[in-house]
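Q: Please see the structure below; I have some questions.
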Amino acid sequence: MKTTLKIIPIAVMLASPAALAATSVYTQDTLTGDWAGARSTIQDAGLTFEGEYTNTYQSAQSGVDGSPSNTSHRLDLLVGADTEKLGLWQGGSFHTQLIYRDGEANNLGINGLSVPNTGFYGYEDDERAFISGLYYMHRFSPSTNALIGQIDAFELLRHAPFYGGATRHGFMNVAFAAPPSGVTPPAFLGAIVNHTEGPWRFTGMAYDPKNRYTEKVRLDDAFEDGINLAVSATYTTLWAGRMTTLGGSYTYSTEEGMNWEVPPETAKYKYNTRLQFTHNIAENEGNPREAWGLYLRGSVADGNPNILDATFAGGLGGQALFFDRPQDSWGLGYYHLTLSNDLKDTVNGILDVGNLPLDARMRNEQGVEAYYAYQATPWLTFTADLQYVESMVSTEDKALLFGLRTNIRF
């Protein structure tokens with residue numbers, strides 16, 4: 001298997017473009033194609049099947065004892081059912097996502113919230129396969145839709161131009177793939193309503209605060225820990241003749257958590273307020289969404305019981321227009337996670353009072369990540385990734401991480 005993975009990229013890059021373009025396997029959207037017409041027939045009947053295999057190799061070049069390297073494998077199967085095409089009712093569709101993961105690549109021994117390999121977020125060896133999403137979506141009109149069920153938050157950001165990538169594309173670190181807020185888990189039970197009105201897009205959410213990536217889905221325990229409510233709005237306009245967006249969101253949670261000032265007591269009610277700005281620096285004429293630009297995203301939170309006081313993640317990225325390769329993507333970003341001051345004071349105070357023979361102290365996290373994704377074919381992507389990470393533990397050295405990711409769409 002390892003030999004095969006090494007040969008594929010070499011063969012693709014050395015073959016002449018003319019020879020590759022002449023073969024249907026090079027131009028088709030998926031490796032397995034149309035299944036001799038069966039795939040289109042099934043899709044016309046209302047069912048869709050998408051599969052992706054992702055292989056990630058990461059190595060610590062410095063800052064980690066032993067300079068470990070790990071390899072992970074991930075398989076995603078997404079299935080959809082269109083109720084109108086199935087002869088049931090208009091506007092409806094069911095969606096599910098099954099994930100299988102195997103390997104060790106996750107944090108490489110680095111302690112922190114900014115997981116360097118988001119594709120393995122919350123991974124447990126005995127939970128290799130699980131359903132991350134299972135929901136119903138209804139389109140009331142071209143501008144309004146609603147989702148209800150178990151929703152994979154990573155997947156909601158799949159096609160975001162900078163933040164997002166659904167853990168299989170774009171940045172590898174969770175600080176960019178799904179910037180932490182302290183109030184929104186990567187998968188949850190709940191409902192989302194989206195509405196577009198002119199240049200505005202509005203979203204409302206109500207969901208269970210439990211993390212369904214790490215906890216079993218049981219309807220009888222839904223909302224027993226409280227409820228999260230979120231509203232957001234995004235405005236799209238032109239600035240200097242190029243597409244620009246300004247957005248904001250507010251999330252409020254009644255979930256009970258640790259009172260960081262006086263543990264082990266608990267506290268309730270936490271929030272996160274976020275502002276986001278994007279501006280295209282370069283665009284393909286006639287297609288403003290095929291671009292690269294500036295992305296800025298910052299938030300403030302309560303810090304108790306939220307584990308965060310504030311966050312920032314931003315940088316440059318988008319399509320590789322400067323290489324005349326709009327199918328490729330790239331990103332260069334910096335993030336800073338300001339951990340709860342109450343939490344840091346409590347942990348550091350315990351270490352001081354205990355007179356433990358430890359120099360470790362809790363601090364804020366920050367890091368830089370750069371990646372380039374080469375689209376060898378419509379179904380095959382190679383990504384090179386570099387991260388420089390400062391963890392939440394003061395005695396841990398800053399780590400330099402190198403990664404390679406291969407993604408195959410079936």
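Scheme for the structure tokens: letters A, B, ... for chains in order shown; per-chain residue numbers from 1; ligand numbers from 1 in order shown.
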As a list in words, please: every residue in region 262-405 of chain A that DSSP puts in helix (DSSP H, G or I).
A: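 The residues of region 262-405 of chain A classed as helix (DSSP H, G or I) are Leu321, Phe322, Phe323, Asn341, Asp342, Leu343, Lys344, Asp345, Thr346, Val347, Asn348, Gly349, Ile350, Leu351, Asp352 and Val353 of chain A.
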Q: What are the nearest atom pairs, with distances in Å to one decimal, for all residues of region 79-198 of chain A that come at most 10 Å from region 216-234 of chain A, using only C-alpha atoms, set out by chain and rising residue number as JSON lines?
A:
{"residue": "A:Phe130", "atom": "CA", "partner": "A:Lys216", "partner_atom": "CA", "distance": 9.2}
{"residue": "A:Ile131", "atom": "CA", "partner": "A:Val217", "partner_atom": "CA", "distance": 9.1}
{"residue": "A:Ser132", "atom": "CA", "partner": "A:Val217", "partner_atom": "CA", "distance": 9.6}
{"residue": "A:Gln150", "atom": "CA", "partner": "A:Val217", "partner_atom": "CA", "distance": 8.4}
{"residue": "A:Val183", "atom": "CA", "partner": "A:Asn228", "partner_atom": "CA", "distance": 7.6}
{"residue": "A:Thr184", "atom": "CA", "partner": "A:Asn228", "partner_atom": "CA", "distance": 8.1}
{"residue": "A:Phe188", "atom": "CA", "partner": "A:Val217", "partner_atom": "CA", "distance": 9.0}
{"residue": "A:Leu189", "atom": "CA", "partner": "A:Ala222", "partner_atom": "CA", "distance": 7.4}
{"residue": "A:Gly190", "atom": "CA", "partner": "A:Asn228", "partner_atom": "CA", "distance": 9.1}
{"residue": "A:Ala191", "atom": "CA", "partner": "A:Leu229", "partner_atom": "CA", "distance": 10.0}
{"residue": "A:Ile192", "atom": "CA", "partner": "A:Ala230", "partner_atom": "CA", "distance": 9.3}
{"residue": "A:Val193", "atom": "CA", "partner": "A:Val231", "partner_atom": "CA", "distance": 9.7}
{"residue": "A:Asn194", "atom": "CA", "partner": "A:Ser232", "partner_atom": "CA", "distance": 9.6}
{"residue": "A:His195", "atom": "CA", "partner": "A:Ala233", "partner_atom": "CA", "distance": 9.6}
{"residue": "A:Thr196", "atom": "CA", "partner": "A:Thr234", "partner_atom": "CA", "distance": 9.4}
Q: For Glu155 (chain A), which of A:Gly333, A:Pro180, A:Gly112, A:Gly133 is the closest residue, counting only C-alpha atoms?
A: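 Under the stated criterion, the closest residue is A:Gly133.
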Q: Pick out the residues sitting within 7 Å of Thr30 (chain A), and hand them over as a ChimeraX atom specification; count only C-alpha atoms, and ignore anything fewer than 2 positions along from it in its own chain.
A: /A:28,32-33,378-379,409-410
Q: Considering only C-alpha atoms, state which residue in the set A:Tyr235, A:Arg361, A:Tyr335, A:Ala399 is at the smallest distance from Trp200 (chain A).
A: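 Ranking A:Tyr235, A:Arg361, A:Tyr335, A:Ala399 by distance to Trp200 (chain A), first place goes to A:Tyr235.
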Q: Find the spatial neighbours of Arg158 (chain A), counting only C-alpha atoms, within a cut-off of 12 Å - ignore same-chain residues fewer than 3 positions away - and output them as number ranges by chain.
A: A: 152-155, 161-171, 177-178
Q: My list of candidates is A:Met362, A:Val368, A:Ile350, A:Val300. Which is closest to Thr395 (chain A) when distances are computed with only C-alpha atoms?
A: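 Nearest to Thr395 (chain A): A:Met362.
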